[in-house]
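Visitor: I'm passing along entry.txt; it holds compact mmCIF, C-alpha atoms and all ligand atoms.
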# COMPACT_ATOMS: atom_id res chain seq x y z
CA MET A 1 310.11 -140.15 110.67
CA GLY A 2 309.49 -136.61 109.50
CA LYS A 3 306.16 -135.35 108.36
CA GLN A 4 304.97 -136.09 104.85
CA ARG A 5 305.21 -133.18 102.48
CA VAL A 6 302.19 -131.62 100.80
CA LEU A 7 302.28 -129.27 97.83
CA SER A 8 299.46 -127.38 96.19
CA GLY A 9 298.76 -124.16 94.36
CA VAL A 10 296.08 -121.82 93.06
CA GLN A 11 296.26 -119.58 90.01
CA PRO A 12 296.17 -115.83 90.56
CA THR A 13 293.34 -115.19 88.15
CA GLY A 14 291.27 -112.59 89.97
CA ASN A 15 289.41 -113.18 93.14
CA LEU A 16 289.09 -116.55 94.88
CA HIS A 17 285.55 -117.81 95.40
CA LEU A 18 283.73 -120.15 97.76
CA GLY A 19 284.50 -123.10 95.49
CA ASN A 20 288.25 -122.48 95.91
CA TYR A 21 287.85 -122.03 99.65
CA LEU A 22 285.48 -124.86 100.54
CA GLY A 23 286.87 -127.27 97.94
CA ALA A 24 290.57 -126.67 98.50
CA ILE A 25 292.02 -124.08 100.84
CA ARG A 26 289.81 -124.98 103.81
CA ASN A 27 291.13 -128.55 103.58
CA TRP A 28 294.73 -127.38 103.39
CA VAL A 29 294.15 -125.40 106.56
CA GLU A 30 292.43 -128.22 108.44
CA GLY A 31 295.11 -130.77 107.63
CA GLN A 32 298.14 -128.53 107.78
CA SER A 33 299.55 -129.48 111.18
CA GLN A 34 299.90 -133.13 110.09
CA TYR A 35 302.11 -132.23 107.14
CA ASP A 36 305.04 -130.12 106.02
CA ASN A 37 303.24 -127.92 103.50
CA PHE A 38 304.25 -125.86 100.49
CA PHE A 39 301.54 -123.65 99.01
CA CYS A 40 302.35 -121.64 95.94
CA VAL A 41 300.63 -119.03 93.86
CA VAL A 42 301.02 -120.48 90.38
CA ASP A 43 301.48 -117.33 88.35
CA LEU A 44 303.36 -119.10 85.54
CA HIS A 45 300.23 -121.12 84.90
CA ALA A 46 298.26 -117.88 84.71
CA ILE A 47 299.74 -116.94 81.33
CA THR A 48 298.81 -120.18 79.57
CA VAL A 49 295.70 -118.31 78.42
CA PRO A 50 295.68 -114.60 77.54
CA HIS A 51 296.13 -112.67 80.79
CA ASN A 52 295.99 -109.14 82.06
CA ARG A 53 299.48 -107.77 82.67
CA ALA A 54 298.12 -104.79 84.58
CA THR A 55 296.70 -106.98 87.34
CA LEU A 56 298.96 -110.06 87.41
CA ALA A 57 301.23 -108.86 90.23
CA ALA A 58 298.37 -107.52 92.34
CA ASP A 59 296.33 -110.69 91.84
CA THR A 60 299.35 -112.74 92.92
CA TYR A 61 299.62 -110.78 96.16
CA THR A 62 295.87 -111.05 96.70
CA VAL A 63 295.98 -114.84 96.56
CA ALA A 64 298.98 -115.00 98.88
CA ALA A 65 297.20 -112.70 101.35
CA LEU A 66 294.06 -114.84 101.09
CA TYR A 67 296.08 -117.95 101.96
CA LEU A 68 297.07 -116.21 105.19
CA ALA A 69 293.57 -114.84 105.77
CA CYS A 70 292.04 -118.30 105.37
CA GLY A 71 294.31 -119.63 108.09
CA ILE A 72 297.45 -120.99 106.44
CA ASP A 73 299.87 -121.05 109.35
CA LEU A 74 303.54 -120.32 108.77
CA ASP A 75 304.52 -122.72 111.54
CA HIS A 76 303.42 -125.57 109.32
CA SER A 77 303.38 -124.11 105.83
CA THR A 78 305.55 -122.24 103.36
CA ILE A 79 303.87 -119.74 101.04
CA PHE A 80 305.65 -118.67 97.87
CA VAL A 81 305.20 -117.42 94.32
CA GLN A 82 305.98 -119.87 91.53
CA SER A 83 307.61 -117.34 89.19
CA HIS A 84 310.03 -116.23 91.93
CA ILE A 85 311.77 -119.60 91.70
CA PRO A 86 313.42 -120.19 88.30
CA ALA A 87 313.74 -123.94 89.01
CA HIS A 88 310.04 -124.35 88.10
CA SER A 89 310.63 -123.19 84.55
CA GLU A 90 313.90 -125.05 84.23
CA LEU A 91 312.58 -128.40 85.42
CA THR A 92 309.60 -127.96 83.10
CA TRP A 93 311.99 -127.76 80.15
CA LEU A 94 313.92 -130.84 81.22
CA LEU A 95 310.73 -132.83 81.77
CA ASN A 96 309.28 -131.62 78.46
CA CYS A 97 312.03 -133.46 76.67
CA LEU A 98 310.98 -136.82 78.03
CA THR A 99 307.21 -136.33 77.98
CA PRO A 100 305.53 -137.82 74.91
CA ILE A 101 303.44 -135.16 73.26
CA ASN A 102 300.42 -137.44 72.97
CA TRP A 103 300.25 -137.69 76.78
CA LEU A 104 299.55 -133.96 76.78
CA GLU A 105 297.17 -134.02 73.84
CA ASP A 106 295.08 -136.56 75.77
CA MET A 107 294.50 -134.29 78.77
CA ILE A 108 290.80 -133.55 79.16
CA GLN A 109 291.37 -130.07 80.53
CA PHE A 110 293.60 -129.18 77.58
CA LYS A 111 290.98 -130.33 75.12
CA GLU A 112 288.27 -128.34 76.87
CA LYS A 113 290.34 -125.19 77.23
CA ALA A 114 291.66 -125.45 73.68
CA VAL A 115 288.12 -125.49 72.33
CA LYS A 116 287.25 -122.38 74.35
CA GLN A 117 290.42 -120.65 73.19
CA GLY A 118 289.62 -121.17 69.51
CA GLU A 119 292.42 -119.97 67.22
CA ASN A 120 294.75 -118.83 69.92
CA VAL A 121 295.97 -122.01 71.64
CA SER A 122 299.48 -121.54 72.99
CA THR A 123 302.16 -124.19 73.41
CA GLY A 124 302.03 -123.21 77.10
CA LEU A 125 298.43 -124.39 77.38
CA LEU A 126 299.44 -127.80 76.07
CA ASP A 127 302.44 -127.82 78.39
CA TYR A 128 300.51 -126.70 81.47
CA PRO A 129 300.51 -130.19 83.09
CA VAL A 130 304.29 -130.52 82.73
CA LEU A 131 304.72 -127.25 84.62
CA MET A 132 302.37 -128.61 87.26
CA ALA A 133 304.44 -131.81 87.40
CA ALA A 134 307.56 -129.69 87.92
CA ASP A 135 305.83 -127.82 90.79
CA ILE A 136 305.09 -131.08 92.54
CA LEU A 137 308.28 -133.01 91.79
CA LEU A 138 310.65 -130.19 92.77
CA TYR A 139 309.49 -130.48 96.38
CA ASP A 140 309.52 -134.29 96.64
CA ALA A 141 305.86 -133.97 97.58
CA ASP A 142 304.37 -137.10 99.14
CA ARG A 143 300.84 -135.84 98.82
CA VAL A 144 298.95 -133.49 96.55
CA PRO A 145 295.44 -132.39 97.50
CA VAL A 146 293.49 -132.63 94.28
CA GLY A 147 289.95 -132.14 93.20
CA GLU A 148 288.29 -134.22 90.54
CA ASP A 149 289.43 -131.90 87.72
CA GLN A 150 293.14 -132.19 88.59
CA LYS A 151 293.31 -135.96 89.09
CA GLN A 152 294.40 -136.61 85.54
CA HIS A 153 297.22 -134.07 85.89
CA LEU A 154 298.47 -135.78 89.03
CA GLU A 155 298.34 -139.13 87.26
CA LEU A 156 300.46 -137.59 84.48
CA THR A 157 302.91 -136.26 87.08
CA ARG A 158 303.30 -139.78 88.42
CA ASP A 159 303.84 -141.12 84.91
CA ILE A 160 306.48 -138.49 84.12
CA ALA A 161 308.34 -139.18 87.38
CA ALA A 162 308.24 -142.94 86.82
CA ARG A 163 309.50 -142.52 83.27
CA PHE A 164 312.32 -140.27 84.43
CA ASN A 165 313.36 -142.70 87.16
CA HIS A 166 313.21 -145.60 84.73
CA LEU A 167 315.25 -143.84 82.03
CA PHE A 168 317.82 -142.08 84.20
CA GLY A 169 317.91 -143.73 87.63
CA GLN A 170 320.54 -146.31 88.43
CA LYS A 171 318.60 -149.53 89.18
CA ASP A 172 315.21 -148.54 90.65
CA GLU A 173 316.72 -145.39 92.15
CA GLU A 174 313.97 -142.87 92.88
CA ILE A 175 315.42 -139.61 91.62
CA LEU A 176 311.96 -138.08 91.51
CA LYS A 177 309.52 -138.97 94.24
CA ILE A 178 306.22 -140.35 92.99
CA PRO A 179 303.42 -138.36 94.66
CA GLU A 180 300.09 -139.68 95.89
CA PRO A 181 296.79 -137.84 95.78
CA LEU A 182 295.35 -136.54 99.03
CA ILE A 183 291.63 -137.02 98.71
CA ARG A 184 289.29 -135.83 101.43
CA THR A 185 286.32 -137.97 102.32
CA GLU A 186 283.87 -135.09 102.52
CA GLY A 187 284.72 -133.85 99.05
CA ALA A 188 283.27 -130.41 98.43
CA ARG A 189 282.41 -129.63 94.88
CA ILE A 190 280.66 -126.30 94.87
CA MET A 191 278.50 -125.62 91.87
CA SER A 192 277.51 -122.37 90.17
CA LEU A 193 274.72 -120.31 91.73
CA THR A 194 273.14 -119.89 88.33
CA ASP A 195 273.42 -123.52 87.18
CA GLY A 196 273.60 -126.35 89.71
CA THR A 197 275.12 -128.71 87.15
CA ARG A 198 278.26 -126.63 86.49
CA LYS A 199 281.20 -126.03 88.77
CA MET A 200 281.57 -122.63 90.41
CA SER A 201 284.31 -121.10 88.29
CA LYS A 202 286.39 -117.97 87.92
CA SER A 203 285.96 -118.12 84.17
CA ASP A 204 282.15 -118.03 84.22
CA PRO A 205 281.27 -114.67 82.62
CA SER A 206 278.45 -114.10 85.11
CA GLU A 207 279.50 -112.64 88.48
CA LEU A 208 276.16 -113.87 89.82
CA SER A 209 277.37 -117.45 89.42
CA ARG A 210 279.87 -117.27 92.29
CA ILE A 211 280.44 -115.78 95.72
CA ASN A 212 283.93 -114.35 95.98
CA LEU A 213 285.75 -114.45 99.29
CA LEU A 214 286.06 -110.67 99.22
CA ASP A 215 282.45 -109.90 98.24
CA SER A 216 280.71 -107.32 100.43
CA PRO A 217 277.72 -108.44 102.54
CA ASP A 218 275.43 -106.61 100.10
CA ALA A 219 276.91 -108.38 97.11
CA ILE A 220 276.56 -111.76 98.82
CA ALA A 221 272.94 -111.06 99.75
CA LYS A 222 272.17 -109.99 96.20
CA LYS A 223 273.79 -113.04 94.63
CA VAL A 224 271.99 -115.43 96.96
CA LYS A 225 268.70 -113.67 96.37
CA ARG A 226 269.09 -114.07 92.63
CA CYS A 227 270.52 -117.58 92.55
CA LYS A 228 268.70 -120.24 90.59
CA THR A 229 266.16 -122.35 92.49
CA ASP A 230 263.08 -124.39 91.61
CA SER A 231 259.40 -124.41 92.44
CA VAL A 232 259.22 -127.60 94.49
CA ARG A 233 258.07 -127.23 98.11
CA GLY A 234 260.39 -128.38 100.86
CA LEU A 235 264.16 -128.71 100.52
CA SER A 236 266.09 -131.96 100.26
CA PHE A 237 269.44 -133.33 99.16
CA ASP A 238 268.02 -136.40 97.55
CA ASP A 239 266.17 -135.40 94.41
CA PRO A 240 268.45 -135.88 91.36
CA ASP A 241 266.21 -133.51 89.41
CA ARG A 242 267.03 -130.66 91.80
CA PRO A 243 270.76 -129.96 91.33
CA GLU A 244 270.41 -126.38 92.61
CA CYS A 245 268.68 -127.55 95.77
CA HIS A 246 271.41 -130.11 96.39
CA ASN A 247 274.13 -127.54 95.82
CA LEU A 248 272.64 -124.80 97.99
CA LEU A 249 271.92 -127.13 100.91
CA GLY A 250 275.44 -128.51 100.64
CA LEU A 251 276.86 -125.02 100.55
CA TYR A 252 274.88 -124.09 103.64
CA ALA A 253 276.06 -127.23 105.47
CA LEU A 254 279.72 -126.46 104.73
CA LEU A 255 279.42 -122.77 105.62
CA ALA A 256 277.54 -123.46 108.84
CA GLY A 257 279.79 -126.37 109.80
CA LYS A 258 276.79 -128.69 110.03
CA THR A 259 276.38 -132.24 108.79
CA LYS A 260 274.16 -133.06 105.82
CA ALA A 261 271.77 -134.89 108.14
CA GLU A 262 271.43 -131.84 110.39
CA VAL A 263 270.78 -129.60 107.41
CA ALA A 264 268.31 -132.03 105.85
CA ALA A 265 266.31 -132.03 109.09
CA GLU A 266 266.56 -128.26 109.61
CA CYS A 267 265.49 -127.36 106.07
CA ALA A 268 263.01 -130.13 105.22
CA ASP A 269 259.95 -127.88 105.57
CA MET A 270 261.49 -124.61 104.44
CA GLY A 271 260.67 -122.75 101.27
CA TRP A 272 263.27 -120.77 99.34
CA GLY A 273 261.97 -117.53 100.86
CA GLN A 274 263.06 -118.72 104.27
CA PHE A 275 266.21 -120.56 103.20
CA LYS A 276 267.85 -117.88 101.07
CA PRO A 277 268.25 -115.26 103.81
CA LEU A 278 269.60 -117.98 106.10
CA LEU A 279 272.18 -119.00 103.49
CA ALA A 280 273.15 -115.39 102.80
CA GLU A 281 273.56 -114.60 106.49
CA THR A 282 275.65 -117.74 107.06
CA ALA A 283 277.95 -116.94 104.13
CA ILE A 284 278.40 -113.34 105.29
CA GLU A 285 279.25 -114.43 108.85
CA ARG A 286 281.62 -117.14 107.70
CA LEU A 287 283.52 -114.79 105.39
CA LYS A 288 283.70 -111.88 107.80
CA PRO A 289 286.77 -113.02 109.79
CA ILE A 290 288.57 -113.98 106.55
CA GLN A 291 287.86 -110.53 105.10
CA GLU A 292 289.07 -108.82 108.27
CA ARG A 293 292.31 -110.78 108.31
CA TYR A 294 292.75 -110.15 104.59
CA LYS A 295 292.46 -106.43 105.14
CA ALA A 296 294.95 -106.54 108.01
CA VAL A 297 297.46 -108.44 105.85
CA MET A 298 297.01 -106.09 102.88
CA ASP A 299 297.44 -103.06 105.13
CA ASP A 300 300.87 -104.33 106.09
CA ARG A 301 302.61 -104.74 102.77
CA GLY A 302 306.00 -105.15 104.45
CA TYR A 303 304.72 -108.18 106.35
CA LEU A 304 303.32 -109.82 103.22
CA GLU A 305 306.56 -109.20 101.37
CA SER A 306 308.57 -110.72 104.21
CA VAL A 307 306.33 -113.82 104.17
CA LEU A 308 306.91 -114.25 100.45
CA ARG A 309 310.60 -113.56 100.74
CA SER A 310 311.23 -116.16 103.42
CA GLY A 311 308.85 -118.52 101.62
CA ARG A 312 310.91 -118.17 98.48
CA GLU A 313 314.19 -118.76 100.33
CA LYS A 314 312.92 -121.91 101.97
CA ALA A 315 311.23 -123.26 98.85
CA GLU A 316 314.11 -122.40 96.58
CA ALA A 317 316.62 -124.33 98.67
CA VAL A 318 314.51 -127.48 98.32
CA ALA A 319 313.77 -126.90 94.64
CA ASN A 320 317.39 -126.31 93.71
CA ARG A 321 318.51 -129.52 95.37
CA THR A 322 316.01 -131.51 93.29
CA LEU A 323 316.96 -129.66 90.14
CA SER A 324 320.66 -130.52 90.58
CA ARG A 325 319.79 -134.15 91.21
CA VAL A 326 317.83 -134.17 87.96
CA LYS A 327 320.57 -132.44 85.98
CA ASP A 328 323.20 -134.83 87.34
CA ALA A 329 321.05 -137.78 86.34
CA LEU A 330 320.65 -136.35 82.84
CA GLY A 331 324.41 -136.04 82.50
CA TYR A 332 324.82 -132.26 82.54
CA SER A 333 328.16 -130.66 83.31
CA LYS A 334 328.28 -128.57 86.49
CA PRO A 335 328.05 -124.81 86.05
CA LEU A 336 331.48 -123.30 86.69
N1 LIG B 401 296.41 -126.84 87.94
C1 LIG B 401 295.98 -126.52 89.28
C2 LIG B 401 294.55 -125.96 89.24
O1 LIG B 401 294.19 -125.26 88.34
C3 LIG B 401 296.87 -125.51 89.93
C4 LIG B 401 298.23 -126.08 90.16
C5 LIG B 401 299.39 -125.73 89.55
C6 LIG B 401 298.56 -127.07 91.11
N2 LIG B 401 300.43 -126.42 90.05
C7 LIG B 401 299.96 -127.27 91.00
C8 LIG B 401 297.82 -127.81 92.01
C9 LIG B 401 300.62 -128.23 91.77
C10 LIG B 401 298.47 -128.77 92.78
C11 LIG B 401 299.87 -128.97 92.66
O2 LIG B 401 293.81 -126.20 90.17
Starting from the file, lay out its structure as structure tokens.
Ligand code: TRP
Guide:
Amino acid sequence: MGKQRVLSGVQPTGNLHLGNYLGAIRNWVEGQSQYDNFFCVVDLHAITVPHNRATLAADTYTVAALYLACGIDLDHSTIFVQSHIPAHSELTWLLNCLTPINWLEDMIQFKEKAVKQGENVSTGLLDYPVLMAADILLYDADRVPVGEDQKQHLELTRDIAARFNHLFGQKDEEILKIPEPLIRTEGARIMSLTDGTRKMSKSDPSELSRINLLDSPDAIAKKVKRCKTDSVRGLSFDDPDRPECHNLLGLYALLAGKTKAEVAAECADMGWGQFKPLLAETAIERLKPIQERYKAVMDDRGYLESVLRSGREKAEAVANRTLSRVKDALGYSKPL
């Protein structure tokens, strides 16, 4: 039996941060040899909210280069850009026509983003999960690594695929493969440095809330120095009233590659004055090799382009096969 297929993607909205790395990309890298992986930069999703046209292309390349810098290995994985493969848009349209609109109106992320967007909510924002379903279903993905916030979208993907198969498959025929989530046991949910109850996020207006993968050592040291703490003596994971303490210890454990128990013992008697420089130093050291590889990739534009070109060729062949299967099932005539 061949390897199971994994598909995932990250939006090219600016710089990736430690939450993206420790919560997602690090896991892709660790598990990649067990699977046949497709990792895309989801630049079509990036325009579901107002975007910056001057930086979209550069941000897309940055994320692709960061995939490589973080250790995505082309022997096991295919890296490509979503917008380079028209099948993503086309399958989205076809799936739109069998997705009840109230399924989309019920999505928590849509409701939250729509509130933030105020007057200017696009149809694309509502349709975002159908595009994500198309990303997944085009590749017959067996597994999709998802964090808490994307679980509902994966559930919707499964519902759309099941509905399609039911409506257009001949007797239980699986035209679209129903994907399963890939959930890691040691789930890493990295919280903001300025509020331990909120997720570290690209859309937080404060730069101090996150450590970006490409931050300089000085910037990292400054952000750690200024991050929110509390005035309790001794550091522990266990106090529910100390979300910042929990988050920072967890961050340190992940960056240092230590277990929670090891960190709890190491830091039990520390004050923040001792812990913060340790955390900063650990983050700087952990990011250094990623930043060096990133620079090497970016200095060789031809290499990066060749990675994305062969990624597109490989991905497109798979995507187009699925798309024709879907169009056949829907009853379309063949293009002449
Ligand atoms: N919506 C995902 C996020 O914001 C990104 C995404 C788009 C994705 N298409 C995907 C993730 C397909 C997994 C599979 O995190």
Visitor: Which is closer to ligand LIG 401 (chain B) than all the others in A:Pro335, A:Gly19, A:Gly9, A:Pro181, using all atoms listed in the file?
Guide: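 Smallest distance to ligand LIG 401 (chain B) is found for A:Gly9.
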Visitor: Any idea what the distance is between CA of Asn15 in chain A and CA of Asn212 in chain A?
Guide: 6.3 Å
Visitor: Quick one: residues within 7 Å of range 158-160 of chain A, all atoms listed in the file, excluding same-chain residues fewer than 3 positions away - as a list in words?
Guide: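 Result of the neighbour search: Thr99, Leu154, Glu155, Arg163, Phe164, Ile178 and Pro179 of chain A.
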Visitor: Hey, which of A:Asp140, A:Glu119, A:Asp127, A:Glu30 ends up closest to Asp73 in chain A? Count all atoms listed in the file.
Guide: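 Of the candidates, the smallest distance to Asp73 in chain A is held by A:Glu30.
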Visitor: From the list A:Asn120, A:Gln11, A:Gln4, A:Ser231, which residue is nearest ligand LIG 401 (chain B) when using all atoms listed in the file?
Guide: A:Gln11
Visitor: Do you know which residues are at most 12 Å from Ile190 in chain A counting all atoms listed in the file, after dropping those on the same chain fewer than 2 positions away, and could you put them as a PDB file with C-alpha atoms, keeping the file's coordinate frame?
Guide:
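So out.pdb came out as:
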ATOM      1  CA  HIS A  17     285.550-117.810  95.400  1.00  0.00           C
ATOM      2  CA  LEU A  18     283.730-120.150  97.760  1.00  0.00           C
ATOM      3  CA  GLY A  19     284.500-123.100  95.490  1.00  0.00           C
ATOM      4  CA  ASN A  20     288.250-122.480  95.910  1.00  0.00           C
ATOM      5  CA  TYR A  21     287.850-122.030  99.650  1.00  0.00           C
ATOM      6  CA  LEU A  22     285.480-124.860 100.540  1.00  0.00           C
ATOM      7  CA  GLY A  23     286.870-127.270  97.940  1.00  0.00           C
ATOM      8  CA  ALA A  24     290.570-126.670  98.500  1.00  0.00           C
ATOM      9  CA  GLY A 147     289.950-132.140  93.200  1.00  0.00           C
ATOM     10  CA  GLU A 148     288.290-134.220  90.540  1.00  0.00           C
ATOM     11  CA  GLY A 187     284.720-133.850  99.050  1.00  0.00           C
ATOM     12  CA  ALA A 188     283.270-130.410  98.430  1.00  0.00           C
ATOM     13  CA  SER A 192     277.510-122.370  90.170  1.00  0.00           C
ATOM     14  CA  LEU A 193     274.720-120.310  91.730  1.00  0.00           C
ATOM     15  CA  THR A 194     273.140-119.890  88.330  1.00  0.00           C
ATOM     16  CA  ASP A 195     273.420-123.520  87.180  1.00  0.00           C
ATOM     17  CA  GLY A 196     273.600-126.350  89.710  1.00  0.00           C
ATOM     18  CA  THR A 197     275.120-128.710  87.150  1.00  0.00           C
ATOM     19  CA  ARG A 198     278.260-126.630  86.490  1.00  0.00           C
ATOM     20  CA  LYS A 199     281.200-126.030  88.770  1.00  0.00           C
ATOM     21  CA  MET A 200     281.570-122.630  90.410  1.00  0.00           C
ATOM     22  CA  SER A 201     284.310-121.100  88.290  1.00  0.00           C
ATOM     23  CA  SER A 209     277.370-117.450  89.420  1.00  0.00           C
ATOM     24  CA  ARG A 210     279.870-117.270  92.290  1.00  0.00           C
ATOM     25  CA  ILE A 211     280.440-115.780  95.720  1.00  0.00           C
ATOM     26  CA  PRO A 243     270.760-129.960  91.330  1.00  0.00           C
ATOM     27  CA  GLU A 244     270.410-126.380  92.610  1.00  0.00           C
ATOM     28  CA  HIS A 246     271.410-130.110  96.390  1.00  0.00           C
ATOM     29  CA  ASN A 247     274.130-127.540  95.820  1.00  0.00           C
ATOM     30  CA  LEU A 248     272.640-124.800  97.990  1.00  0.00           C
ATOM     31  CA  LEU A 249     271.920-127.130 100.910  1.00  0.00           C
ATOM     32  CA  GLY A 250     275.440-128.510 100.640  1.00  0.00           C
ATOM     33  CA  LEU A 251     276.860-125.020 100.550  1.00  0.00           C
ATOM     34  CA  TYR A 252     274.880-124.090 103.640  1.00  0.00           C
ATOM     35  CA  ALA A 253     276.060-127.230 105.470  1.00  0.00           C
ATOM     36  CA  LEU A 254     279.720-126.460 104.730  1.00  0.00           C
ATOM     37  CA  LEU A 255     279.420-122.770 105.620  1.00  0.00           C
TER      38      LEU A 255
END
Visitor: Which residues are near ligand LIG 401 (chain B) - at most 9 Å, using only C-alpha atoms and all ligand atoms? Format: as a PyMOL selection string.
Guide: chain A and resi 6-11+20+24+39-45+82+128-129+131-136+144-147+149-150+153-154
Visitor: For Val81 in chain A, which residue among A:Arg53, A:Lys113, A:Arg309, A:Lys295 is the nearest when counting only C-alpha atoms?
Guide: A:Arg309
Visitor: To one decimal place in Å, what is the distance between CA of Glu292 in chain A and CA of Lys228 in chain A?
Guide: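 It comes out at 29.3 Å.
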Visitor: Have a look at A:Leu214, A:Leu323, A:Ala64, A:Ala264 and name the one nearest to Cys245 in chain A; count all atoms listed in the file.
Guide: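 Nearest candidate to Cys245 in chain A out of A:Leu214, A:Leu323, A:Ala64, A:Ala264: A:Ala264.
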Visitor: Would you work out the distance separating CA of Gly124 in chain A from CA of Gly169 in chain A, expressed in Å to one decimal?
Guide: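 Atom-to-atom, CA of Gly124 in chain A to CA of Gly169 in chain A, that is 28.0 Å.
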Visitor: I want to know what sits within 10 Å of Gln170 in chain A, based on only C-alpha atoms, with residues of the same chain fewer than 5 positions away left out; could you give that as a PDB file with C-alpha atoms, keeping the file's coordinate frame?
Guide:
ATOM      1  CA  ASN A 165     313.360-142.700  87.160  1.00  0.00           C
ATOM      2  CA  ILE A 175     315.420-139.610  91.620  1.00  0.00           C
ATOM      3  CA  ALA A 329     321.050-137.780  86.340  1.00  0.00           C
TER       4      ALA A 329
END
Visitor: If we draw a sphere of 12 Å around (284.0, -120.8, 108.6), which residues have at least one atom in it when counting all atoms listed in the file? Please report them as a PyMOL selection string.
Guide: chain A and resi 18+21-22+25-27+29-30+69-71+213+251-258+282-291
Visitor: When you count all atoms listed in the file, which of these residues is closest to Lys327 in chain A: A:Leu235, A:Leu98, A:Tyr303, A:Leu91?
Guide: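 Result for the nearest residue to Lys327 in chain A: A:Leu91.
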Visitor: Env of Lys222 in chain A: 12 Å cut, atoms = only C-alpha atoms, seq-sep filter 2 positions within chain, self excluded. Answer as a PyMOL selection string.
Guide: chain A and resi 193+207-211+215-220+224-227+276-277+279-281+284
Visitor: Could you list, as a list in words, every residue within 10 Å of Ile85 in chain A, counting all atoms listed in the file and ignoring same-chain residues fewer than 6 positions away?
Guide: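 Within the cut-off, the hits are Arg312, Glu313, Ala315, Glu316, Ala317, Ala319 and Asn320 of chain A.
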